[in-house]
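Here's run-v5.txt, which has compact mmCIF, C-alpha atoms:
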# COMPACT_ATOMS: atom_id res chain seq x y z
CA MET A 27 -32.25 -42.52 14.71
CA PRO A 28 -29.32 -40.08 15.11
CA VAL A 29 -28.37 -38.01 12.10
CA SER A 30 -24.71 -38.19 11.17
CA ILE A 31 -22.89 -35.25 9.61
CA ALA A 32 -20.17 -36.04 7.15
CA PRO A 33 -16.75 -34.64 8.12
CA SER A 34 -16.33 -33.42 4.55
CA SER A 35 -19.38 -31.14 4.86
CA ILE A 36 -18.02 -29.70 8.11
CA ALA A 37 -14.69 -29.02 6.44
CA VAL A 38 -16.43 -27.31 3.52
CA ASP A 39 -18.44 -25.11 5.88
CA GLU A 40 -15.32 -24.14 7.84
CA SER A 41 -13.52 -23.38 4.61
CA ARG A 42 -16.36 -21.15 3.45
CA LEU A 43 -16.45 -19.33 6.79
CA SER A 44 -12.70 -18.87 6.64
CA ARG A 45 -12.86 -17.41 3.14
CA LEU A 46 -15.80 -15.20 4.11
CA GLY A 47 -13.94 -13.92 7.18
CA ARG A 48 -10.82 -13.21 5.18
CA ARG A 49 -12.79 -11.47 2.44
CA TRP A 50 -14.50 -9.08 4.84
CA SER A 51 -11.74 -8.68 7.43
CA TRP A 52 -10.98 -5.19 6.08
CA VAL A 53 -14.35 -4.00 7.40
CA ALA A 54 -13.44 -5.16 10.92
CA VAL A 55 -10.04 -3.45 10.63
CA LEU A 56 -11.68 -0.21 9.52
CA VAL A 57 -14.39 -0.22 12.19
CA VAL A 58 -12.04 -1.11 15.06
CA GLY A 59 -9.48 1.43 13.84
CA LEU A 60 -12.08 4.19 13.65
CA LEU A 61 -13.28 3.35 17.16
CA LEU A 62 -9.76 3.45 18.59
CA PHE A 63 -8.99 6.72 16.80
CA TRP A 64 -12.17 8.28 18.17
CA LEU A 65 -11.43 7.07 21.72
CA ILE A 66 -7.86 8.40 21.61
CA ARG A 67 -8.95 11.74 20.18
CA SER A 68 -11.72 12.09 22.78
CA ALA A 69 -9.26 11.34 25.57
CA LEU A 70 -6.77 13.83 24.15
CA VAL A 71 -9.37 16.59 23.94
CA SER A 72 -10.75 15.95 27.43
CA THR A 73 -7.43 15.48 29.24
CA GLU A 74 -5.18 17.70 27.06
CA ASN A 75 -2.46 15.12 27.64
CA PRO A 76 0.21 15.54 24.90
CA ASN A 77 1.42 11.98 25.48
CA LEU A 78 -1.61 10.80 23.47
CA ILE A 79 -0.59 12.72 20.34
CA PRO A 80 1.75 10.00 18.93
CA ALA A 81 -1.02 7.39 19.28
CA LEU A 82 -3.52 9.71 17.58
CA ILE A 83 -1.20 10.37 14.64
CA PHE A 84 -0.26 6.69 14.28
CA PHE A 85 -3.83 5.37 14.25
CA GLY A 86 -4.96 8.19 11.98
CA ALA A 87 -2.16 7.52 9.50
CA ALA A 88 -2.38 3.71 9.59
CA LEU A 89 -6.16 3.25 9.54
CA VAL A 90 -6.97 3.31 5.80
CA PRO A 91 -3.66 1.77 4.57
CA THR A 92 -4.04 -1.18 6.94
CA ALA A 93 -7.67 -1.70 5.93
CA PHE A 94 -6.72 -1.59 2.25
CA VAL A 95 -3.98 -4.21 2.74
CA ALA A 96 -6.57 -6.42 4.44
CA PHE A 97 -8.92 -5.76 1.51
CA VAL A 98 -6.32 -6.88 -1.05
CA ALA A 99 -5.42 -9.92 1.07
CA GLY A 100 -9.08 -10.96 0.99
CA ARG A 101 -9.30 -11.05 -2.80
CA ARG A 102 -9.50 -14.40 -4.60
CA LEU A 103 -5.85 -14.55 -5.58
CA ASP A 104 -3.22 -17.23 -5.18
CA PHE A 105 -1.26 -16.04 -2.14
CA GLY A 106 1.65 -17.91 -0.61
CA VAL A 107 2.86 -15.38 1.97
CA GLY A 108 1.30 -15.26 5.41
CA THR A 109 0.10 -12.44 7.62
CA GLY A 110 3.47 -12.20 9.37
CA VAL A 111 5.36 -11.60 6.12
CA VAL A 112 2.84 -8.95 5.07
CA ALA A 113 3.11 -7.18 8.45
CA ILE A 114 6.92 -7.22 8.36
CA THR A 115 6.85 -5.94 4.79
CA GLY A 116 4.67 -3.01 5.81
CA LEU A 117 6.84 -2.11 8.80
CA ALA A 118 10.26 -2.68 7.25
CA GLY A 119 9.24 -1.50 3.79
CA GLY A 120 7.90 1.75 5.20
CA ALA A 121 10.84 2.45 7.51
CA ILE A 122 13.54 1.50 5.00
CA GLY A 123 11.71 3.16 2.11
CA VAL A 124 11.13 6.49 3.85
CA THR A 125 14.66 6.60 5.24
CA THR A 126 16.28 5.71 1.92
CA ALA A 127 14.10 8.12 -0.04
CA GLY A 128 14.77 10.94 2.41
CA PHE A 129 18.53 10.43 2.26
CA LEU A 130 18.68 10.18 -1.55
CA GLU A 131 16.39 13.17 -2.04
CA TYR A 132 18.56 15.22 0.32
CA ARG A 133 21.73 14.22 -1.54
CA THR A 134 20.07 15.05 -4.86
CA LEU A 135 19.07 18.46 -3.51
CA LEU A 136 22.65 19.17 -2.42
CA LEU A 137 24.06 18.01 -5.74
CA MET A 138 21.64 19.78 -8.08
CA LYS A 139 20.68 22.71 -5.80
CA PHE A 140 17.03 21.82 -6.44
CA LEU A 141 14.91 18.67 -6.32
CA PRO A 142 13.05 17.84 -9.56
CA MET A 143 9.70 16.12 -9.17
CA LEU A 144 10.89 13.41 -11.57
CA ALA A 145 13.78 12.63 -9.22
CA VAL A 146 11.33 12.32 -6.32
CA GLY A 147 9.22 9.83 -8.28
CA LEU A 148 12.23 7.77 -9.36
CA ILE A 149 13.73 7.68 -5.87
CA GLU A 150 10.57 6.91 -3.91
CA GLU A 151 9.26 4.25 -6.29
CA ALA A 152 12.66 2.53 -6.14
CA ALA A 153 12.95 2.88 -2.34
CA LYS A 154 9.57 1.18 -1.82
CA LEU A 155 10.81 -1.84 -3.78
CA ILE A 156 13.82 -2.54 -1.54
CA VAL A 157 12.00 -4.92 0.83
CA PRO A 158 9.96 -6.62 -1.95
CA VAL A 159 13.21 -7.31 -3.83
CA LEU A 160 14.78 -8.80 -0.70
CA LEU A 161 11.73 -11.02 -0.16
CA LEU A 162 11.85 -12.08 -3.80
CA LEU A 163 15.39 -13.33 -3.25
CA ILE A 164 14.37 -15.22 -0.09
CA ILE A 165 11.00 -16.68 -1.11
CA ARG A 166 11.30 -19.64 -3.47
CA ASP A 167 7.68 -20.81 -3.43
CA ARG A 168 6.32 -17.80 -5.32
CA HIS A 169 2.62 -17.39 -5.97
CA PRO A 170 1.11 -15.04 -8.57
CA GLY A 171 -0.61 -12.78 -6.05
CA ASP A 172 2.35 -12.42 -3.67
CA GLY A 173 4.00 -9.62 -5.62
CA LEU A 174 0.83 -7.55 -5.65
CA LEU A 175 0.13 -8.06 -1.93
CA ILE A 176 3.72 -7.44 -0.85
CA GLY A 177 3.93 -4.34 -3.03
CA VAL A 178 0.70 -2.94 -1.58
CA ALA A 179 1.97 -3.65 1.96
CA SER A 180 5.30 -1.92 1.30
CA GLY A 181 3.49 1.07 -0.21
CA ALA A 182 1.18 1.13 2.81
CA GLY A 183 4.10 1.26 5.22
CA PHE A 184 5.69 4.08 3.23
CA ALA A 185 2.41 6.01 3.19
CA VAL A 186 1.93 5.58 6.96
CA PHE A 187 5.41 6.83 7.88
CA GLU A 188 5.19 9.71 5.42
CA THR A 189 1.75 10.76 6.67
CA MET A 190 2.91 10.63 10.28
CA GLY A 191 5.75 13.00 9.39
CA TYR A 192 3.42 15.42 7.62
CA ALA A 193 0.94 15.28 10.51
CA PHE A 194 3.66 16.04 13.06
CA VAL A 195 4.85 19.06 11.05
CA GLU A 196 1.24 20.25 10.59
CA LEU A 197 0.63 19.97 14.33
CA ILE A 198 3.64 22.18 15.07
CA GLN A 199 2.92 24.75 12.35
CA SER A 200 -0.76 25.03 13.37
CA ASN A 201 0.17 25.50 17.06
CA GLY A 202 -1.55 22.30 18.10
CA ASP A 203 -4.71 22.63 15.98
CA LEU A 204 -6.17 19.11 15.96
CA SER A 205 -8.73 19.95 13.28
CA ALA A 206 -5.91 20.74 10.83
CA VAL A 207 -4.25 17.42 11.67
CA ASP A 208 -7.57 15.60 11.25
CA ASP A 209 -8.04 17.07 7.78
CA LEU A 210 -4.55 16.02 6.75
CA LEU A 211 -4.96 12.49 8.10
CA VAL A 212 -8.33 12.01 6.39
CA TRP A 213 -7.18 13.45 3.06
CA ARG A 214 -3.91 11.51 2.87
CA GLY A 215 -5.54 8.36 4.26
CA LEU A 216 -8.28 8.29 1.63
CA LEU A 217 -5.81 8.90 -1.20
CA SER A 218 -3.11 6.44 -0.05
CA PRO A 219 -4.64 3.34 -1.74
CA ALA A 220 -4.67 5.20 -5.07
CA ALA A 221 -1.14 6.56 -4.65
CA HIS A 222 1.80 4.83 -2.95
CA MET A 223 -0.02 1.54 -2.41
CA ALA A 224 -1.35 1.20 -5.95
CA TRP A 225 1.93 2.22 -7.61
CA THR A 226 4.09 -0.14 -5.57
CA GLY A 227 1.55 -2.94 -5.92
CA LEU A 228 1.76 -2.63 -9.71
CA THR A 229 5.56 -2.54 -9.87
CA ALA A 230 6.00 -5.40 -7.38
CA ALA A 231 3.47 -7.54 -9.29
CA ALA A 232 5.41 -6.94 -12.51
CA LEU A 233 8.64 -7.75 -10.66
CA TRP A 234 7.20 -11.07 -9.45
CA SER A 235 6.07 -11.82 -12.96
CA ALA A 236 9.55 -11.12 -14.35
CA ALA A 237 11.08 -13.48 -11.79
CA ALA A 238 8.61 -16.27 -12.54
CA HIS A 239 8.50 -16.05 -16.32
CA ARG A 240 10.94 -17.88 -18.54
CA GLN A 241 11.03 -15.19 -21.23
CA ARG A 242 13.31 -12.97 -19.18
CA GLY A 243 13.79 -10.23 -21.78
CA ARG A 244 10.11 -9.62 -22.35
CA SER A 245 9.26 -9.86 -18.63
CA ILE A 246 12.01 -7.44 -17.64
CA ALA A 247 10.86 -5.02 -20.34
CA LEU A 248 7.33 -5.28 -18.92
CA PHE A 249 8.61 -4.52 -15.43
CA VAL A 250 10.53 -1.48 -16.69
CA LEU A 251 7.39 -0.26 -18.45
CA VAL A 252 5.23 -0.66 -15.33
CA TYR A 253 7.89 1.05 -13.20
CA ALA A 254 8.00 3.94 -15.70
CA ILE A 255 4.20 4.25 -15.53
CA ALA A 256 4.34 4.34 -11.71
CA VAL A 257 7.05 7.02 -11.79
CA ALA A 258 5.05 9.04 -14.33
CA LEU A 259 1.91 8.87 -12.16
CA HIS A 260 3.91 9.77 -9.06
CA THR A 261 5.66 12.71 -10.76
CA THR A 262 2.40 14.04 -12.18
CA TRP A 263 0.76 13.72 -8.77
CA ASP A 264 3.52 15.75 -7.09
CA SER A 265 3.54 18.36 -9.86
CA LEU A 266 -0.17 19.21 -9.71
CA ASN A 267 -2.21 20.84 -6.99
CA SER A 268 -5.92 20.46 -7.67
CA ASP A 269 -8.58 18.12 -6.38
CA LEU A 270 -9.76 17.33 -9.91
CA SER A 271 -6.25 16.28 -10.99
CA TYR A 272 -5.84 14.07 -7.92
CA GLY A 273 -9.22 12.50 -8.62
CA VAL A 274 -8.27 11.65 -12.20
CA LEU A 275 -4.87 10.24 -11.21
CA ALA A 276 -6.42 8.25 -8.36
CA THR A 277 -8.98 6.76 -10.75
CA VAL A 278 -6.31 5.77 -13.28
CA SER A 279 -4.09 4.23 -10.58
CA LEU A 280 -6.91 2.20 -9.03
CA LEU A 281 -8.15 1.03 -12.43
CA LEU A 282 -4.67 -0.25 -13.25
CA LEU A 283 -4.56 -2.05 -9.89
CA VAL A 284 -8.00 -3.58 -10.45
CA TYR A 285 -6.98 -4.69 -13.94
CA THR A 286 -3.81 -6.31 -12.63
CA THR A 287 -5.76 -8.06 -9.85
CA HIS A 288 -8.22 -9.37 -12.43
CA ARG A 289 -5.41 -10.73 -14.62
CA LEU A 290 -3.78 -12.44 -11.65
CA ALA A 291 -7.09 -13.98 -10.56
CA ALA A 292 -7.99 -15.23 -14.03
CA PRO A 293 -7.59 -19.03 -14.43
CA ARG A 294 -4.89 -20.56 -16.60
CA ARG A 295 -2.95 -17.34 -16.95
CA VAL A 296 0.75 -17.54 -17.56
CA PRO A 297 2.68 -15.28 -15.10
CA GLY A 298 4.33 -13.36 -17.93
CA ALA A 299 0.96 -12.34 -19.31
CA LEU A 300 0.48 -9.98 -16.38
CA MET A 301 -0.66 -6.60 -17.64
CA ALA A 302 0.30 -7.56 -21.20
CA GLY A 303 -2.44 -5.31 -22.52

Now that the file is in, can you turn its structure into structure tokens?
Amino acid sequence: MPVSIAPSSIAVDESRLSRLGRRWSWVAVLVVGLLLFWLIRSALVSTENPNLIPALIFFGAALVPTAFVAFVAGRRLDFGVGTGVVAITGLAGGAIGVTTAGFLEYRTLLLMKFLPMLAVGLIEEAAKLIVPVLLLLIIRDRHPGDGLLIGVASGAGFAVFETMGYAFVELIQSNGDLSAVDDLLVWRGLLSPAAHMAWTGLTAAALWSAAAHRQRGRSIALFVLVYAIAVALHTTWDSLNSDLSYGVLATVSLLLLVYTTHRLAAPRRVPGALMAG
């Protein structure tokens, strides 16, 4: 007698596989990215073809940020935006953010004859929010996790473009020393989730909360507070120059991001309660 399989059980299995694949997709992104980076670097060393340098710098700069975005997207949060929106946010957020920040920092330097670290933090944290703000105006079906994911993606794009610029300058100043470029790419790549990505993820999540919550005054005050914390972390990061200091700031930033993710994932949470503690 043939055994029949209920369609509902098949749907449940497919749903579980889909969730499992999404949850661990960041591992695939990391492994494939590392393989491509190694292949490009090996080809560059063996052929000495300078045309491969842009690809090397791009994959080196984008590897960890892209994997971290995939990691956040795989968390058990209520997301409404799709992969296309996240990808566009990373590309446009990075390009617009870096360009805007560079222009405003240059104008500030001309106006004040020097560039305070506080001004850098204020400018860059605001520049990374340009695309998330535009998406907030466009997207009407807002989900609690969207702000966090979009903020992380925008911060990732900013980190990638900034790292590519630093790597290009390092390559020129070191007279083509690939080991120096490798060190820079690894160092900035490992720290990017605890820097630009974490800070913008926090501020964008608070921005989404302010837009969704009915108590506008309290929600806006919360967003201003979170933005001030991000600027303070950013300014402190730029003002110090020690591995221990970076480690402490990275730990604080990631703990805040984990806390916010936990609050967003908790059941029956009102949007305005985000980071209320």

Checklist line | Residues within 12 Å of Phe129 in chain A, all atoms listed in the file, excluding chain neighbours under 4 positions, as an MDAnalysis selection string | finding: chainID A and resid 122:125 133:136 146 149:150 153

Proximity check range 216-301 of chain A to range 180-184 of chain A, 10 Å, nearest pairs one decimal Å, all atoms listed in the file, as a Markdown table:
| residue | atom | partner | partner_atom | distance |
| --- | --- | --- | --- | --- |
| A:Ser218 | CA | A:Ala182 | CA | 7.4 |
| A:Pro219 | CA | A:Ala182 | CA | 7.7 |
| A:Ala221 | CA | A:Gly181 | CA | 8.4 |
| A:His222 | CA | A:Gly181 | CA | 4.9 |
| A:Met223 | CA | A:Gly181 | CA | 4.2 |
| A:Ala224 | CA | A:Gly181 | CA | 7.5 |
| A:Trp225 | CA | A:Gly181 | CA | 7.6 |
| A:Thr226 | CA | A:Gly181 | CA | 5.5 |
| A:Gly227 | CA | A:Gly181 | CA | 7.2 |
| A:Ala230 | CA | A:Ser180 | CA | 9.4 |

Would you write out those residues with C-alpha atoms, as a short mmCIF file (atom, residue, chain, number, x, y, z; two decimals), keeping the file's coordinate frame?
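Output below, filename again.cif:
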data_model
loop_
_atom_site.label_atom_id
_atom_site.label_comp_id
_atom_site.auth_asym_id
_atom_site.auth_seq_id
_atom_site.Cartn_x
_atom_site.Cartn_y
_atom_site.Cartn_z
CA SER A 218 -3.11 6.44 -0.05
CA PRO A 219 -4.64 3.34 -1.74
CA ALA A 221 -1.14 6.56 -4.65
CA HIS A 222 1.80 4.83 -2.95
CA MET A 223 -0.02 1.54 -2.41
CA ALA A 224 -1.35 1.20 -5.95
CA TRP A 225 1.93 2.22 -7.61
CA THR A 226 4.09 -0.14 -5.57
CA GLY A 227 1.55 -2.94 -5.92
CA ALA A 230 6.00 -5.40 -7.38
#

Next item on the list: Counting all atoms listed in the file, figure out which residue out of A:Ile114, A:Ser72, A:Ala93, A:Leu174 gets nearest to Ala291 in chain A.
Entry: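 Result for the nearest residue to Ala291 in chain A: A:Leu174.
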
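Rounded to one decimal, CA of Ile83 in chain A and CA of Thr115 in chain A lie 20.7 Å from each other.
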
Next item on the list: May I ask which of the residues A:Leu251, A:Leu290, A:Leu60, A:Leu70 is the closest one to Gly173 in chain A, counting all atoms listed in the file?
Entry: A:Leu290

Margin query: as a PyMOL selection string, please: the residues near Val98 in chain A (cut-off 10 Å, all atoms listed in the file, same-chain neighbours under 5 positions excluded).
Written below: chain A and resi 48-49+52+93+103+171+174-175+178-179+287

Next item on the list: Considering all atoms listed in the file, return as a ChimeraX atom specification whatever protein or nucleic-acid residues lie within 12 Å of Met143 in chain A, sequence-local ones (same chain, fewer than 4 positions apart) excluded.
Entry: /A:131,134-135,147-150,257-266

Next item on the list: Could you check which of A:Leu137, A:Phe194, A:Phe187, A:Thr92 is closest to Val57 in chain A, using all atoms listed in the file?
Entry: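 Among A:Leu137, A:Phe194, A:Phe187, A:Thr92, it is A:Thr92 that comes nearest to Val57 in chain A.
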
Margin query: Please report the interatomic distance between CA of Val250 in chain A and CA of Leu282 in chain A in Å with one decimal.
Written below: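 For CA of Val250 in chain A relative to CA of Leu282 in chain A, the distance reads 15.6 Å.
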
If you take every atom of range 46-54 of chain A that the file lists and fit an axis-aligned box around them with 6 Å extra on each side, what centre and edge lengths come out in Å to one decimal, as JSON?
{"center_x": -13.3, "center_y": -9.6, "center_z": 6.7, "size_x": 17.0, "size_y": 23.2, "size_z": 20.5}

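Between Asn75 in chain A and the candidates A:Lys154, A:Thr277, A:Gly202, A:Ala99, the tightest atom-to-atom separation, counting all atoms listed in the file, involves A:Gly202.
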
Check: Between CA of Leu155 in chain A and CA of Leu56 in chain A, what is the spacing in Å?
Finding: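 Straight-line distance from CA of Leu56 in chain A to CA of Leu155 in chain A works out to 26.2 Å.
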
Notebook entry, point to check: Looking at all atoms listed in the file, which of A:Ala220, A:Phe85, A:Ser200, A:Val159 is the one that sits closest to Leu281 in chain A?
Noted result: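 Nearest candidate to Leu281 in chain A out of A:Ala220, A:Phe85, A:Ser200, A:Val159: A:Ala220.
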
Next item on the list: Please work out which residues fall within 12 Å of (-7.1, 10.2, 3.9), coordinates as given in the file, with all atoms listed in the file counting, and return them as a PyMOL selection string.
Entry: chain A and resi 85-91+94+185-186+189-190+193+207-221

Margin query: Nearest residue to Arg101 in chain A out of A:His239, A:Lys139, A:His288, A:His169, using all atoms listed in the file?
Written below: A:His288
